[in-house]
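*Asks:* model_18.cif is reproduced below (mmCIF, C-alpha atoms).
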data_start
loop_
_atom_site.group_PDB
_atom_site.id
_atom_site.type_symbol
_atom_site.label_atom_id
_atom_site.label_comp_id
_atom_site.auth_asym_id
_atom_site.auth_seq_id
_atom_site.Cartn_x
_atom_site.Cartn_y
_atom_site.Cartn_z
ATOM 1 C CA MET J 1 17.585 24.406 -14.477
ATOM 2 C CA GLY J 2 20.152 21.813 -13.531
ATOM 3 C CA ASN J 3 19.628 22.572 -9.863
ATOM 4 C CA LEU J 4 15.869 21.801 -9.997
ATOM 5 C CA GLU J 5 16.483 18.528 -11.810
ATOM 6 C CA GLU J 6 19.086 17.544 -9.229
ATOM 7 C CA VAL J 7 16.697 18.240 -6.316
ATOM 8 C CA ALA J 8 13.889 16.266 -7.983
ATOM 9 C CA ARG J 9 16.261 13.341 -8.617
ATOM 10 C CA ARG J 10 17.420 13.355 -4.983
ATOM 11 C CA LYS J 11 13.851 13.357 -3.665
ATOM 12 C CA SER J 12 12.832 10.436 -5.855
ATOM 13 C CA ALA J 13 15.978 8.473 -4.983
ATOM 14 C CA GLU J 14 15.372 8.643 -1.225
ATOM 15 C CA PRO J 15 13.478 5.642 0.104
ATOM 16 C CA ARG J 16 10.146 6.483 1.675
ATOM 17 C CA SER J 17 10.108 5.651 5.322
ATOM 18 C CA LYS J 18 6.944 4.485 7.028
ATOM 19 C CA LYS J 19 5.602 6.840 9.630
ATOM 20 C CA GLN J 20 6.054 5.487 13.092
ATOM 21 C CA GLY J 21 3.019 6.275 15.193
ATOM 22 C CA ARG J 22 -0.433 5.021 15.876
ATOM 23 C CA ALA J 23 -1.909 2.169 13.959
ATOM 24 C CA ARG J 24 -4.550 3.167 11.439
ATOM 25 C CA TYR J 25 -8.080 3.269 12.865
ATOM 26 C CA ILE J 26 -10.363 0.802 11.105
ATOM 27 C CA PRO J 27 -13.938 1.063 12.367
ATOM 28 C CA ARG J 28 -15.953 -2.081 12.865
ATOM 29 C CA ARG J 29 -18.661 -2.641 10.321
ATOM 30 C CA LYS J 30 -22.112 -1.858 11.718
ATOM 31 C CA HIS J 31 -24.912 -4.240 10.897
ATOM 32 C CA CYS J 32 -28.446 -3.100 10.225
ATOM 33 C CA SER J 33 -30.497 -3.834 13.335
ATOM 34 C CA LEU J 34 -33.657 -3.800 11.224
ATOM 35 C CA CYS J 35 -32.290 -6.504 8.907
ATOM 36 C CA ILE J 36 -31.187 -8.594 11.868
ATOM 37 C CA GLY J 37 -34.631 -8.266 13.474
ATOM 38 C CA ASN J 38 -36.389 -9.160 10.175
ATOM 39 C CA VAL J 39 -38.421 -5.937 10.234
ATOM 40 C CA GLU J 40 -40.682 -5.811 7.192
ATOM 41 C CA VAL J 41 -42.477 -2.498 7.759
ATOM 42 C CA ILE J 42 -41.273 0.484 9.778
ATOM 43 C CA ASP J 43 -44.316 1.938 11.514
ATOM 44 C CA TYR J 44 -44.375 5.744 11.650
ATOM 45 C CA LYS J 45 -46.910 5.559 14.516
ATOM 46 C CA ASP J 46 -44.293 4.084 16.853
ATOM 47 C CA PRO J 47 -42.070 7.010 17.952
ATOM 48 C CA VAL J 48 -40.328 4.852 20.571
ATOM 49 C CA LYS J 49 -38.551 2.883 17.837
ATOM 50 C CA LEU J 50 -37.940 5.935 15.667
ATOM 51 C CA ARG J 51 -36.280 8.005 18.396
ATOM 52 C CA HIS J 52 -33.107 5.906 18.172
ATOM 53 C CA TYR J 53 -32.598 7.234 14.661
ATOM 54 C CA ILE J 54 -32.968 10.926 15.580
ATOM 55 C CA SER J 55 -30.150 13.058 16.991
ATOM 56 C CA ASP J 56 -30.408 15.299 20.031
ATOM 57 C CA ARG J 57 -30.796 18.201 17.576
ATOM 58 C CA GLY J 58 -33.867 16.575 16.004
ATOM 59 C CA LYS J 59 -32.110 15.523 12.810
ATOM 60 C CA ILE J 60 -32.308 12.129 11.144
ATOM 61 C CA GLU J 61 -29.118 10.204 11.901
ATOM 62 C CA PRO J 62 -26.980 9.289 8.865
ATOM 63 C CA ARG J 63 -26.366 5.674 7.880
ATOM 64 C CA ARG J 64 -22.765 5.737 9.037
ATOM 65 C CA LYS J 65 -23.933 6.571 12.560
ATOM 66 C CA SER J 66 -27.170 4.586 12.804
ATOM 67 C CA GLY J 67 -25.808 1.488 11.067
ATOM 68 C CA ALA J 68 -28.947 1.021 8.958
ATOM 69 C CA CYS J 69 -28.688 -0.375 5.450
ATOM 70 C CA ALA J 70 -29.686 1.802 2.488
ATOM 71 C CA LYS J 71 -33.096 0.173 2.098
ATOM 72 C CA HIS J 72 -34.037 0.625 5.748
ATOM 73 C CA GLN J 73 -32.496 4.119 5.952
ATOM 74 C CA ARG J 74 -34.865 5.290 3.194
ATOM 75 C CA ALA J 75 -37.829 3.698 4.979
ATOM 76 C CA LEU J 76 -36.732 5.234 8.301
ATOM 77 C CA ALA J 77 -36.444 8.697 6.786
ATOM 78 C CA LEU J 78 -39.939 8.407 5.326
ATOM 79 C CA ALA J 79 -41.388 7.136 8.628
ATOM 80 C CA ILE J 80 -39.693 9.924 10.614
ATOM 81 C CA LYS J 81 -40.989 12.554 8.205
ATOM 82 C CA ARG J 82 -44.520 11.171 8.475
ATOM 83 C CA ALA J 83 -44.300 11.072 12.290
ATOM 84 C CA ARG J 84 -43.090 14.678 12.315
ATOM 85 C CA HIS J 85 -45.984 15.727 10.117
ATOM 86 C CA LEU J 86 -48.421 14.177 12.616
ATOM 87 C CA ALA J 87 -46.550 15.820 15.542
ATOM 88 C CA LEU J 88 -45.421 12.468 16.970
ATOM 89 C CA LEU J 89 -41.779 13.563 16.624
ATOM 90 C CA PRO J 90 -40.283 17.075 16.818
ATOM 91 C CA TYR J 91 -38.941 19.060 13.879
ATOM 92 C CA VAL J 92 -36.754 21.372 15.986
ATOM 93 C CA PRO J 93 -34.502 20.867 19.008
ATOM 94 C CA ALA J 94 -36.415 23.443 21.090
ATOM 95 C CA HIS J 95 -39.158 20.862 21.655
ATOM 96 C CA ILE J 96 -36.600 18.288 22.713
ATOM 97 C CA TYR J 97 -35.067 20.672 25.250
ATOM 98 C CA LYS J 98 -38.467 21.606 26.708
ATOM 99 C CA THR J 99 -39.747 18.061 27.132
ATOM 100 C CA GLY J 100 -36.392 16.479 27.916
ATOM 101 C CA SER J 101 -36.885 13.733 25.321
ATOM 102 C CA VAL J 102 -37.690 13.257 21.684
ATOM 103 C CA GLY J 103 -41.393 13.692 22.332
ATOM 104 C CA ILE J 104 -42.589 10.239 23.260
ATOM 105 C CA ARG J 105 -46.000 10.266 24.822
ATOM 106 C CA ASP J 106 -46.771 7.782 27.595
#
Show me the file's structure as structure tokens.
*Replies:*
Amino acid sequence: MGNLEEVARRKSAEPRSKKQGRARYIPRRKHCSLCIGNVEVIDYKDPVKLRHYISDRGKIEPRRKSGACAKHQRALALAIKRARHLALLPYVPAHIYKTGSVGIRD
């Protein structure tokens, strides 16, 4: 038992050295482009604006990637779901690969 106590005492007595290496990565804070543009209503009938918030796999981008605030992220998700229901935006990536885009009609 004395040996374990001695090892624990030695470990706690040693000063902790700072790791020498890269500086810690601190990402820049993203600002909601919808708040900056004073967007009141997100229109589900405008797939051109909504395509920026959809990944290449057809998924809705998360807030940490899109930079939208919580209020606008909820509105975006609802608008994207409505546009998908009306076939303005794709549900699956197979449609994206076939057309080469998110499904925007000219």
*Asks:* Which one is closest to Ala70 in chain J: J:Leu34, J:Tyr44, J:Arg22, J:Asn3? Count only C-alpha atoms.
*Replies:*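 Ranking J:Leu34, J:Tyr44, J:Arg22, J:Asn3 by distance to Ala70 in chain J, first place goes to J:Leu34.
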*Asks:* Would you work out the distance separating CA of Leu88 in chain J from CA of Lys45 in chain J, expressed in Å to one decimal?
*Replies:* 7.5 Å
*Asks:* At what distance in Å, to one decimal, does CA of Ile60 in chain J lie from CA of Glu40 in chain J?
*Replies:* 20.2 Å
*Asks:* Evaluating the PyMOL selection byres ((chain J and resi 63) around 10) on the displayed file yields which residues, as a tab-separated table (two decimals) with C-alpha atoms, in the frame of the given file?
*Replies:*
chain	number	residue	atom	x	y	z
J	30	LYS	CA	-22.11	-1.86	11.72
J	32	CYS	CA	-28.45	-3.10	10.22
J	53	TYR	CA	-32.60	7.23	14.66
J	60	ILE	CA	-32.31	12.13	11.14
J	61	GLU	CA	-29.12	10.20	11.90
J	62	PRO	CA	-26.98	9.29	8.86
J	64	ARG	CA	-22.76	5.74	9.04
J	65	LYS	CA	-23.93	6.57	12.56
J	66	SER	CA	-27.17	4.59	12.80
J	67	GLY	CA	-25.81	1.49	11.07
J	68	ALA	CA	-28.95	1.02	8.96
J	69	CYS	CA	-28.69	-0.38	5.45
J	70	ALA	CA	-29.69	1.80	2.49
J	72	HIS	CA	-34.04	0.62	5.75
J	73	GLN	CA	-32.50	4.12	5.95
J	74	ARG	CA	-34.86	5.29	3.19
*Asks:* Just how far from CA of Ile80 in chain J is CA of Pro47 in chain J, in Å to one decimal?
*Replies:*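 Going from CA of Pro47 in chain J over to CA of Ile80 in chain J covers 8.2 Å.
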*Asks:* Run the PyMOL selection byres ((chain J and resi 89-100) around 12) mentally over the shown coordinates, then write out the matched residues as a PyMOL selection string, using the chain letters and numbers from the document.
*Replies:* chain J and resi 44-60+79-88+101-105
*Asks:* What would range 71-98 of chain J look like with N, CA and C atoms in place, written as a tab-separated table (two decimals), in the frame of the given file?
*Replies:*
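Saved to result.tsv:
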chain	number	residue	atom	x	y	z
J	71	LYS	N	-31.66	0.44	2.24
J	71	LYS	CA	-33.10	0.17	2.10
J	71	LYS	C	-33.86	0.63	3.34
J	72	HIS	N	-33.36	0.26	4.52
J	72	HIS	CA	-34.04	0.62	5.75
J	72	HIS	C	-33.83	2.10	6.11
J	73	GLN	N	-32.71	2.69	5.68
J	73	GLN	CA	-32.50	4.12	5.95
J	73	GLN	C	-33.53	4.96	5.20
J	74	ARG	N	-33.84	4.57	3.97
J	74	ARG	CA	-34.86	5.29	3.19
J	74	ARG	C	-36.23	5.15	3.86
J	75	ALA	N	-36.55	3.93	4.31
J	75	ALA	CA	-37.83	3.70	4.98
J	75	ALA	C	-37.89	4.45	6.31
J	76	LEU	N	-36.79	4.50	7.04
J	76	LEU	CA	-36.73	5.23	8.30
J	76	LEU	C	-36.95	6.72	8.08
J	77	ALA	N	-36.29	7.27	7.08
J	77	ALA	CA	-36.44	8.70	6.79
J	77	ALA	C	-37.90	9.03	6.46
J	78	LEU	N	-38.54	8.19	5.68
J	78	LEU	CA	-39.94	8.41	5.33
J	78	LEU	C	-40.83	8.31	6.56
J	79	ALA	N	-40.59	7.31	7.41
J	79	ALA	CA	-41.39	7.14	8.63
J	79	ALA	C	-41.19	8.30	9.59
J	80	ILE	N	-39.96	8.79	9.73
J	80	ILE	CA	-39.69	9.92	10.61
J	80	ILE	C	-40.38	11.18	10.09
J	81	LYS	N	-40.33	11.38	8.79
J	81	LYS	CA	-40.99	12.55	8.20
J	81	LYS	C	-42.50	12.49	8.39
J	82	ARG	N	-43.08	11.32	8.26
J	82	ARG	CA	-44.52	11.17	8.48
J	82	ARG	C	-44.88	11.41	9.94
J	83	ALA	N	-44.05	10.88	10.86
J	83	ALA	CA	-44.30	11.07	12.29
J	83	ALA	C	-44.15	12.54	12.67
J	84	ARG	N	-43.23	13.24	12.06
J	84	ARG	CA	-43.09	14.68	12.32
J	84	ARG	C	-44.32	15.44	11.84
J	85	HIS	N	-44.80	15.06	10.68
J	85	HIS	CA	-45.98	15.73	10.12
J	85	HIS	C	-47.19	15.57	11.03
J	86	LEU	N	-47.31	14.43	11.70
J	86	LEU	CA	-48.42	14.18	12.62
J	86	LEU	C	-48.10	14.61	14.05
J	87	ALA	N	-46.99	15.30	14.24
J	87	ALA	CA	-46.55	15.82	15.54
J	87	ALA	C	-46.25	14.71	16.55
J	88	LEU	N	-45.86	13.54	16.08
J	88	LEU	CA	-45.42	12.47	16.97
J	88	LEU	C	-43.95	12.64	17.32
J	89	LEU	N	-43.19	13.27	16.41
J	89	LEU	CA	-41.78	13.56	16.62
J	89	LEU	C	-41.54	15.05	16.35
J	90	PRO	N	-40.54	15.64	17.01
J	90	PRO	CA	-40.28	17.08	16.82
J	90	PRO	C	-39.50	17.37	15.54
J	91	TYR	N	-39.73	18.57	15.01
J	91	TYR	CA	-38.94	19.06	13.88
J	91	TYR	C	-37.68	19.77	14.38
J	92	VAL	N	-37.83	20.50	15.50
J	92	VAL	CA	-36.75	21.37	15.99
J	92	VAL	C	-36.28	20.94	17.37
J	93	PRO	N	-35.04	21.28	17.71
J	93	PRO	CA	-34.50	20.87	19.01
J	93	PRO	C	-35.12	21.60	20.20
J	94	ALA	N	-35.79	22.72	19.97
J	94	ALA	CA	-36.42	23.44	21.09
J	94	ALA	C	-37.46	22.57	21.80
J	95	HIS	N	-38.17	21.76	21.06
J	95	HIS	CA	-39.16	20.86	21.66
J	95	HIS	C	-38.48	19.77	22.47
J	96	ILE	N	-37.33	19.33	22.00
J	96	ILE	CA	-36.60	18.29	22.71
J	96	ILE	C	-36.10	18.84	24.04
J	97	TYR	N	-35.59	20.08	24.02
J	97	TYR	CA	-35.07	20.67	25.25
J	97	TYR	C	-36.17	20.93	26.27
J	98	LYS	N	-37.35	21.34	25.79
J	98	LYS	CA	-38.47	21.61	26.71
J	98	LYS	C	-38.97	20.33	27.38
